[in-house]
file start-v1.cif (mmCIF, C-alpha atoms)
data_coords
loop_
_atom_site.label_atom_id
_atom_site.label_comp_id
_atom_site.auth_asym_id
_atom_site.auth_seq_id
_atom_site.Cartn_x
_atom_site.Cartn_y
_atom_site.Cartn_z
CA MET A 1 0.00 0.00 0.00
CA HIS A 2 0.97 3.67 -0.38
CA GLN A 3 1.38 6.05 2.46
CA THR A 4 2.16 9.76 2.48
CA PHE A 5 5.26 10.94 4.30
CA ASN A 6 6.95 14.21 5.05
CA ALA A 7 10.64 14.91 4.95
CA ALA A 8 11.80 18.14 6.56
CA LEU A 9 14.63 19.65 4.51
CA GLU A 10 15.00 23.17 5.91
CA ILE A 11 17.58 24.04 3.27
CA ASN A 12 18.16 27.51 1.89
CA LEU A 13 17.49 27.68 -1.83
CA LEU A 14 20.78 29.49 -2.31
CA HIS A 15 22.87 27.23 -0.12
CA ALA A 16 24.91 25.88 -3.04
CA ASN A 17 25.74 29.42 -4.18
CA GLN A 18 26.57 30.46 -0.63
CA ALA A 19 28.89 27.50 -0.15
CA GLY A 20 30.62 28.43 -3.42
CA ALA A 21 30.96 32.04 -2.28
CA ASP A 22 32.51 30.96 1.03
CA HIS A 23 34.93 28.78 -0.89
CA ASN A 24 35.91 31.67 -3.18
CA ARG A 25 36.41 33.93 -0.17
CA SER A 26 38.67 31.39 1.48
CA HIS A 27 40.91 31.48 -1.62
CA PHE A 28 41.04 35.29 -1.48
CA ASP A 29 41.84 35.19 2.23
CA GLU A 30 44.57 32.65 1.71
CA TRP A 31 46.16 34.80 -0.99
CA GLY A 32 45.74 38.05 0.94
CA ILE A 33 43.37 39.52 -1.64
CA THR A 34 40.53 41.94 -0.96
CA CYS A 35 37.59 41.31 -3.28
CA PHE A 36 34.88 43.80 -4.22
CA ASN A 37 31.61 42.99 -5.96
CA VAL A 38 30.61 46.05 -8.00
CA MET A 39 26.91 46.18 -8.85
CA SER A 40 24.44 48.61 -10.41
CA SER A 41 21.83 48.94 -13.11
CA PRO A 42 23.14 48.98 -16.70
CA GLY A 43 24.71 52.30 -17.58
CA ALA A 44 25.24 53.62 -14.05
CA GLY A 45 28.95 53.93 -14.78
CA LYS A 46 30.63 50.84 -13.34
CA THR A 47 33.14 50.43 -16.13
CA VAL A 48 34.18 54.09 -16.31
CA LEU A 49 34.57 54.12 -12.52
CA LEU A 50 36.83 51.08 -12.82
CA GLU A 51 38.79 52.78 -15.60
CA ARG A 52 39.42 55.77 -13.38
CA SER A 53 40.18 53.52 -10.42
CA LEU A 54 42.67 51.38 -12.35
CA ALA A 55 44.37 54.49 -13.72
CA THR A 56 45.09 55.73 -10.19
CA LEU A 57 45.08 52.70 -7.89
CA GLY A 58 46.78 50.47 -10.46
CA ALA A 59 50.04 52.25 -9.68
CA GLN A 60 49.74 51.45 -5.96
CA PHE A 61 48.21 48.01 -5.89
CA LYS A 62 48.31 44.87 -7.96
CA ILE A 63 44.74 44.59 -9.21
CA ALA A 64 42.84 42.08 -11.31
CA VAL A 65 39.31 42.38 -12.66
CA ILE A 66 36.73 39.67 -13.16
CA GLU A 67 34.37 41.16 -15.69
CA GLY A 68 30.85 39.81 -15.98
CA ASP A 69 28.90 40.58 -19.09
CA MET A 70 25.95 38.84 -20.66
CA THR A 71 27.38 38.69 -24.15
CA THR A 72 30.38 40.78 -25.15
CA GLU A 73 33.94 41.55 -24.04
CA LEU A 74 33.53 45.26 -24.75
CA ASP A 75 33.97 46.29 -21.12
CA ALA A 76 36.79 43.80 -20.55
CA ASP A 77 38.65 45.26 -23.54
CA ARG A 78 38.23 48.78 -22.17
CA LEU A 79 39.78 47.76 -18.86
CA ARG A 80 42.62 45.75 -20.44
CA GLN A 81 44.03 49.03 -21.73
CA TYR A 82 45.06 49.78 -18.15
CA GLY A 83 47.50 46.89 -18.13
CA VAL A 84 45.74 44.77 -15.55
CA PRO A 85 44.58 41.17 -15.98
CA VAL A 86 40.92 41.16 -16.92
CA ILE A 87 39.13 37.85 -16.93
CA ALA A 88 35.91 38.07 -18.91
CA ILE A 89 32.96 35.90 -18.01
CA ASN A 90 30.01 35.82 -20.36
CA THR A 91 26.95 34.84 -18.41
CA GLY A 92 24.89 34.06 -21.54
CA ARG A 93 21.27 34.58 -20.61
CA SER A 94 21.91 34.78 -16.91
CA CYS A 95 21.28 38.18 -15.38
CA HIS A 96 23.97 38.06 -12.67
CA LEU A 97 27.25 36.45 -11.74
CA ASP A 98 27.02 33.57 -9.30
CA SER A 99 29.75 32.08 -7.15
CA LYS A 100 30.39 29.24 -9.56
CA MET A 101 31.03 31.59 -12.49
CA VAL A 102 33.39 33.68 -10.37
CA ALA A 103 35.14 30.49 -9.21
CA GLY A 104 35.92 29.85 -12.89
CA GLY A 105 37.47 33.33 -13.08
CA ILE A 106 39.49 32.76 -9.91
CA HIS A 107 40.87 29.49 -11.24
CA ARG A 108 41.93 31.20 -14.45
CA LEU A 109 43.60 33.94 -12.43
CA ALA A 110 45.43 31.35 -10.31
CA HIS A 111 46.41 29.39 -13.40
CA GLU A 112 47.73 32.29 -15.46
CA TYR A 113 49.28 34.39 -12.68
CA ASN A 114 50.62 34.04 -9.18
CA PRO A 115 47.50 34.96 -7.20
CA ARG A 116 49.54 35.88 -4.11
CA GLU A 117 50.88 38.89 -6.01
CA PHE A 118 47.43 40.48 -6.13
CA GLU A 119 45.99 42.75 -3.48
CA LEU A 120 42.62 43.57 -5.02
CA VAL A 121 40.23 41.66 -7.23
CA ILE A 122 37.29 43.67 -8.53
CA VAL A 123 34.31 41.71 -9.77
CA GLU A 124 32.25 43.84 -12.12
CA ASN A 125 28.82 42.27 -12.03
CA VAL A 126 26.25 42.23 -14.82
CA GLY A 127 24.29 45.49 -15.00
CA ASN A 128 21.14 44.71 -13.05
CA LEU A 129 19.73 46.31 -9.92
CA VAL A 130 17.86 43.20 -8.79
CA CYS A 131 19.42 39.78 -9.16
CA PRO A 132 23.12 40.31 -8.31
CA ALA A 133 22.15 41.38 -4.79
CA GLU A 134 20.91 37.88 -3.94
CA PHE A 135 23.97 36.00 -5.18
CA GLU A 136 27.18 36.35 -3.22
CA VAL A 137 30.33 35.62 -5.16
CA GLY A 138 32.88 35.55 -2.33
CA GLU A 139 33.43 39.28 -1.98
CA HIS A 140 34.56 41.09 1.16
CA ALA A 141 32.60 44.21 0.31
CA LYS A 142 29.69 45.06 -1.96
CA ILE A 143 29.90 48.29 -3.90
CA ALA A 144 26.65 49.60 -5.37
CA LEU A 145 26.41 52.43 -7.89
CA LEU A 146 23.36 54.59 -8.41
CA SER A 147 23.55 57.32 -11.02
CA ILE A 148 21.66 60.47 -10.21
CA THR A 149 19.83 60.15 -13.52
CA GLU A 150 18.01 57.14 -12.07
CA GLY A 151 16.08 59.22 -9.57
CA GLU A 152 15.47 59.31 -5.83
CA ASP A 153 13.08 56.39 -5.64
CA LYS A 154 15.40 53.57 -6.73
CA PRO A 155 16.59 52.66 -3.21
CA LEU A 156 12.94 52.23 -2.23
CA LYS A 157 12.09 50.23 -5.33
CA TYR A 158 15.19 48.00 -5.29
CA PRO A 159 15.89 47.81 -1.57
CA ILE A 160 17.84 44.54 -1.44
CA MET A 161 20.74 45.97 -3.45
CA PHE A 162 21.01 49.03 -1.24
CA GLN A 163 20.58 47.09 1.96
CA ALA A 164 23.43 44.78 1.02
CA ALA A 165 25.87 47.51 -0.04
CA ASP A 166 28.91 48.42 2.07
CA CYS A 167 29.66 51.43 -0.10
CA LEU A 168 27.29 53.33 -2.37
CA LEU A 169 28.64 55.60 -5.07
CA ILE A 170 26.19 58.14 -6.40
CA THR A 171 27.56 58.63 -9.89
CA LYS A 172 27.30 61.21 -12.71
CA MET A 173 27.26 64.08 -10.21
CA ASP A 174 28.33 66.40 -13.03
CA LEU A 175 24.79 66.06 -14.40
CA ALA A 176 23.18 67.25 -11.16
CA PRO A 177 22.69 70.87 -12.34
CA TYR A 178 20.65 69.65 -15.31
CA LEU A 179 18.31 67.38 -13.39
CA GLU A 180 15.58 67.89 -10.88
CA VAL A 181 16.96 65.25 -8.56
CA ASP A 182 17.24 65.76 -4.83
CA ILE A 183 20.44 64.05 -3.70
CA ASN A 184 19.49 64.50 -0.05
CA GLN A 185 16.35 62.50 -0.76
CA ILE A 186 18.42 59.73 -2.37
CA VAL A 187 20.59 59.61 0.74
CA ALA A 188 17.57 59.65 3.06
CA ASN A 189 15.94 56.81 1.13
CA VAL A 190 19.11 54.73 1.30
CA ARG A 191 19.53 55.43 5.03
CA GLN A 192 16.04 54.07 5.74
CA ILE A 193 17.26 50.70 4.59
CA ASN A 194 20.96 50.81 5.38
CA PRO A 195 22.07 53.35 7.99
CA TYR A 196 25.72 52.26 7.93
CA VAL A 197 26.56 52.30 4.22
CA THR A 198 29.33 54.67 3.14
CA ILE A 199 27.86 57.04 0.55
CA ILE A 200 30.21 58.86 -1.82
CA PRO A 201 28.92 61.17 -4.58
CA VAL A 202 31.28 60.98 -7.55
CA SER A 203 31.73 62.05 -11.13
CA ALA A 204 34.10 60.05 -13.29
CA LYS A 205 33.97 62.93 -15.77
CA THR A 206 35.05 65.80 -13.51
CA GLY A 207 36.83 63.68 -10.90
CA GLU A 208 34.57 64.88 -8.09
CA GLY A 209 34.62 62.50 -5.14
CA LEU A 210 37.04 60.06 -6.74
CA GLU A 211 39.80 60.71 -4.21
CA THR A 212 37.34 59.92 -1.39
CA TRP A 213 36.47 56.68 -3.17
CA PHE A 214 40.14 55.78 -3.70
CA GLU A 215 40.79 56.45 -0.02
CA TRP A 216 37.92 54.12 0.93
CA VAL A 217 39.43 51.42 -1.29
CA ARG A 218 42.90 51.91 0.20
CA ARG A 219 41.49 51.63 3.69
CA GLN A 220 39.73 48.35 2.85
CA ILE A 221 42.93 46.89 1.42
CA HIS A 222 45.01 48.00 4.39
CA GLN A 223 42.51 46.73 6.93
CA LYS A 224 42.46 43.43 5.13
CA SER A 225 46.22 43.07 5.12
CA GLU A 226 46.37 43.98 8.83
CA HIS A 227 43.71 41.57 9.97
CA GLN A 228 43.66 38.90 7.31
CA LEU A 229 39.99 38.55 8.03
CA PRO A 230 36.90 39.08 5.93
CA LEU A 231 35.88 42.74 6.13
CA SER A 232 32.23 42.05 6.20
CA ILE A 233 30.31 38.86 6.29
CA SER A 234 27.05 39.21 4.51
CA CYS A 235 24.25 37.20 6.02
CA ALA A 236 21.48 38.10 3.66
CA ASN A 237 19.76 34.77 3.85
CA GLN A 238 19.16 32.54 6.78
CA MET B 1 15.02 35.74 -14.64
CA HIS B 2 17.11 34.45 -11.76
CA GLU B 3 14.11 32.33 -10.76
CA THR B 4 15.30 29.92 -13.46
CA ASP B 5 18.62 29.49 -11.64
CA MET B 6 16.90 29.27 -8.29
CA THR B 7 14.59 26.56 -9.61
CA LYS B 8 17.61 24.61 -10.87
CA ALA B 9 19.11 24.82 -7.39
CA LEU B 10 15.79 23.74 -5.90
CA ILE B 11 15.48 20.73 -8.19
CA MET B 12 19.08 19.68 -7.54
CA THR B 13 18.58 19.83 -3.78
CA VAL B 14 15.38 17.79 -3.95
CA LYS B 15 17.08 15.34 -6.32
CA ASP B 16 19.96 14.84 -3.87
CA TRP B 17 17.43 13.96 -1.22
CA TRP B 18 15.47 11.69 -3.59
CA LEU B 19 18.54 9.80 -4.75
CA ALA B 20 19.45 9.12 -1.12
CA GLN B 21 16.12 7.38 -0.52
CA PRO B 22 16.33 3.62 -0.97
CA ASP B 23 12.91 3.25 -2.60
CA LYS B 24 12.95 6.41 -4.81
CA PRO B 25 9.52 7.58 -3.63
CA GLN B 26 6.98 9.53 -5.64
CA VAL B 27 7.32 13.20 -4.63
CA SER B 28 3.88 14.79 -4.47
CA GLN B 29 4.62 18.23 -3.01
CA VAL B 30 7.61 20.49 -2.45
CA HIS B 31 7.00 23.18 0.15
CA LEU B 32 8.93 26.43 -0.02
CA THR B 33 9.01 29.54 2.11
CA VAL B 34 9.67 32.72 0.14
CA GLY B 35 9.95 36.04 1.94
CA LYS B 36 8.39 39.18 0.50
CA PHE B 37 11.71 40.98 0.98
CA THR B 38 13.65 38.89 -1.53
CA CYS B 39 14.20 39.30 -5.24
CA VAL B 40 12.09 36.23 -5.94
CA GLU B 41 8.70 36.27 -7.63
CA PRO B 42 6.67 33.18 -6.63
CA ALA B 43 4.75 33.07 -9.93
CA SER B 44 8.04 32.95 -11.84
CA LEU B 45 9.32 30.17 -9.60
CA GLU B 46 6.15 28.18 -10.20
CA PHE B 47 6.42 28.62 -13.94
CA ALA B 48 10.10 27.66 -13.96
CA PHE B 49 9.34 24.63 -11.79
CA GLN B 50 6.62 23.43 -14.16
CA VAL B 51 8.87 23.77 -17.18
CA GLN B 52 12.03 22.36 -15.66
CA THR B 53 10.44 19.32 -14.04
CA ARG B 54 8.79 18.04 -17.22
CA HIS B 55 9.71 14.39 -17.84
CA THR B 56 11.70 14.20 -14.62
CA PHE B 57 11.13 12.48 -11.29
CA LEU B 58 9.31 15.66 -10.21
CA ALA B 59 6.92 15.72 -13.17
CA ASN B 60 3.89 15.11 -10.98
CA ALA B 61 5.05 17.13 -8.01
CA GLU B 62 3.31 20.28 -6.94
CA LEU B 63 5.25 23.33 -5.78
CA ILE B 64 3.63 24.97 -2.78
CA ILE B 65 4.97 28.39 -1.84
CA ARG B 66 4.28 30.05 1.48
CA GLU B 67 5.07 33.75 1.43
CA THR B 68 6.22 35.47 4.58
CA PRO B 69 5.64 39.18 5.17
CA LEU B 70 8.38 41.73 5.77
CA ILE B 71 8.52 42.31 9.51
CA ALA B 72 11.18 44.45 11.16
CA PHE B 73 11.92 45.07 14.80
CA CYS B 74 12.49 48.63 15.95
CA HIS B 75 14.92 48.69 18.87
CA PRO B 76 14.17 52.23 20.10
CA CYS B 77 10.42 51.46 20.14
CA GLN B 78 10.94 47.85 21.23
CA GLN B 79 8.30 46.60 18.85
CA GLU B 80 7.77 44.97 15.51
CA TYR B 81 6.41 46.81 12.51
CA ARG B 82 5.62 46.00 8.91
CA PRO B 83 7.60 48.18 6.49
CA GLU B 84 5.75 49.06 3.31
CA ILE B 85 7.93 47.71 0.50
CA GLY B 86 8.58 50.38 -2.10
CA ILE B 87 7.29 53.18 0.11
CA GLN B 88 8.70 53.29 3.60
CA TYR B 89 11.15 51.05 5.46
CA ALA B 90 11.93 53.19 8.50
CA CYS B 91 9.93 52.74 11.70
CA PRO B 92 6.59 54.56 11.24
CA ILE B 93 6.71 55.82 14.83
CA CYS B 94 10.28 56.96 15.52
CA HIS B 95 11.63 56.85 11.92
CA SER B 96 14.65 54.75 12.87
CA PRO B 97 16.09 52.90 9.87
CA MET B 98 15.06 49.35 9.18
CA GLU B 99 17.89 47.36 10.70
CA ASP B 100 16.60 44.21 12.31
CA ILE B 101 14.58 42.14 9.85
CA ARG B 102 12.64 39.41 11.61
CA SER B 103 10.76 38.00 8.61
CA GLY B 104 10.71 38.40 4.86
CA ARG B 105 14.22 37.31 3.84
CA GLU B 106 13.47 33.58 3.75
CA LEU B 107 14.22 31.46 0.70
CA LYS B 108 13.89 27.99 2.04
CA ILE B 109 12.90 24.48 1.03
CA ASP B 110 10.85 23.49 4.07
CA ARG B 111 9.72 19.97 3.39
CA ILE B 112 8.86 17.37 0.83
CA GLU B 113 5.71 15.33 0.82
CA TYR B 114 6.02 11.94 -0.82
CA ASN B 115 4.21 8.68 -1.32
CA SER B 116 6.00 5.52 -0.59
CA GLN B 117 5.23 1.87 -0.94
CA VAL B 118 4.79 0.45 2.54
CA GLU B 119 5.46 -3.25 2.89
CA SER B 120 2.84 -4.94 5.04
CA TYR B 121 5.40 -6.34 7.45
CA TYR B 122 6.42 -2.78 8.31
CA ALA B 123 2.85 -2.01 9.33
CA PRO B 124 1.57 -4.95 11.35
CA ASN B 125 -1.41 -2.99 12.63
CA LEU B 126 -2.93 -2.49 9.20
#
call {"tool": "encode", "arguments": {"input": "start-v1.cif", "output": "structure tokens"}}
result
Amino acid sequence: MHQTFNAALEINLLHANQAGADHNRSHFDEWGITCFNVMSSPGAGKTVLLERSLATLGAQFKIAVIEGDMTTELDADRLRQYGVPVIAINTGRSCHLDSKMVAGGIHRLAHEYNPREFELVIVENVGNLVCPAEFEVGEHAKIALLSITEGEDKPLKYPIMFQAADCLLITKMDLAPYLEVDINQIVANVRQINPYVTIIPVSAKTGEGLETWFEWVRRQIHQKSEHQLPLSISCANQ
Amino acid sequence: MHETDMTKALIMTVKDWWLAQPDKPQVSQVHLTVGKFTCVEPASLEFAFQVQTRHTFLANAELIIRETPLIAFCHPCQQEYRPEIGIQYACPICHSPMEDIRSGRELKIDRIEYNSQVESYYAPNL
């Protein structure tokens, strides 16, 4: 005869991704690397921010980039001009990088270079304000970008991304005079969800705020090398 | 459409469990808890589940999703409140930021319901 049974699983849907992210982070820790996960909607200015960052910080630190893109290597090619290793990952139809994809990038980095030489690995995620926030890749800090052209309401509409961020860059500040956007309202909306996030208004075009951003990056790298511990442990999902 | 990836993860987890069962039982229901404060849309999960389980061991299984509301705890006020997603997350009374989320971030496979052949000698009372 047939009987109905129950099996309690109590397993997080993302547990496989989380385990992969922890594994990636353990590699970074072992090699003394700080890893950032840079996320934003498409066109917020991630790649140009990285260009400016590589141009300045590339002289001080050994940096590598893991570049996620759905289809092309256009962004990866832009960043390669700064003389740093750029490992391109095409996600195909997937709207975010997951820990397994980034693991592939880490293995390529370890295979082609001596990973212990690197101090910073920047993962540039796929442009998307929703999905990347749920998938950790093994980063020590999450960097979110919000361009002022996107408006004040985005932190309210896409709260998970802003809640998870350790640092928020409000980009394209040079356009502020041409827009009716209230930056104080953006900040207030973010603070409702994440009172501790570091918020830095920047313009890659004029250079406004970039030194503050570079200083934040330097501090993360130095703290990491002093403590050899993860800077922040994200516990987004139980 | 990250629900597609999440459904793959869901199916793989259930499959691991299923393969570990000696009699490979018929799974009838998979129960999930999905919080309102996640990037997951239950209808998309259900659609992805239907499509991805076709012609598999889960072909006849039903996906049952329990949604949990977003509930935060305000420490200054010492009480829970329900932030309005998309409108206001801070405490409606003292306007402290939403810091302590008590419900709404769940993404969990709770349990599996399955039918199994029971040999009569295991059930002497029947």
call {"tool": "residues_around", "arguments": {"input": "start-v1.cif", "residues": "Gly92 of chain A", "least_positions_apart": "6", "cutoff": "9 Å", "atoms": "all atoms listed in the file", "output": "PyMOL selection string"}}
result
chain A and resi 69-71
call {"tool": "interface_residues", "arguments": {"input": "start-v1.cif", "of": "chain B", "to": "chain A", "cutoff": "6 Å", "atoms": "all atoms listed in the file", "output": "list in words"}}
result
Leu10, Gly86, Tyr89, Ala90, Pro97, Met98, Leu107, Lys108, Ile109, Asp110, Arg111, Ile112, Glu113, Tyr114, Asn115, Ser116, Gln117 and Val118 of chain B
call {"tool": "write_last_selection", "arguments": {"input": "start-v1.cif", "atoms": "C-alpha atoms", "output": "CSV table (one decimal), keeping the file's coordinate frame"}}
result
chain,number,residue,atom,x,y,z
B,10,LEU,CA,15.8,23.7,-5.9
B,86,GLY,CA,8.6,50.4,-2.1
B,89,TYR,CA,11.2,51.0,5.5
B,90,ALA,CA,11.9,53.2,8.5
B,97,PRO,CA,16.1,52.9,9.9
B,98,MET,CA,15.1,49.4,9.2
B,107,LEU,CA,14.2,31.5,0.7
B,108,LYS,CA,13.9,28.0,2.0
B,109,ILE,CA,12.9,24.5,1.0
B,110,ASP,CA,10.8,23.5,4.1
B,111,ARG,CA,9.7,20.0,3.4
B,112,ILE,CA,8.9,17.4,0.8
B,113,GLU,CA,5.7,15.3,0.8
B,114,TYR,CA,6.0,11.9,-0.8
B,115,ASN,CA,4.2,8.7,-1.3
B,116,SER,CA,6.0,5.5,-0.6
B,117,GLN,CA,5.2,1.9,-0.9
B,118,VAL,CA,4.8,0.4,2.5
call {"tool": "atom_distance", "arguments": {"input": "start-v1.cif", "atom1": "atom CA of Asn125 of chain A", "atom2": "atom CA of Asn37 of chain A"}}
result
6.7 Å
call {"tool": "resolve_selection", "arguments": {"input": "start-v1.cif", "expression": "the PyMOL selection byres ((chain A and resi 117) around 9)", "output": "PyMOL selection string"}}
result
chain A and resi 31-33+62-63+113-116+118-119
call {"tool": "atom_distance", "arguments": {"input": "start-v1.cif", "atom1": "atom CA of Val202 of chain A", "atom2": "atom CA of Cys39 of chain B"}}
result
27.7 Å
call {"tool": "residues_around", "arguments": {"input": "start-v1.cif", "residues": "Thr56 of chain B", "least_positions_apart": "5", "cutoff": "10 Å", "atoms": "only C-alpha atoms", "output": "JSON, numbers by chain"}}
result
{"B": [11, 15, 61]}
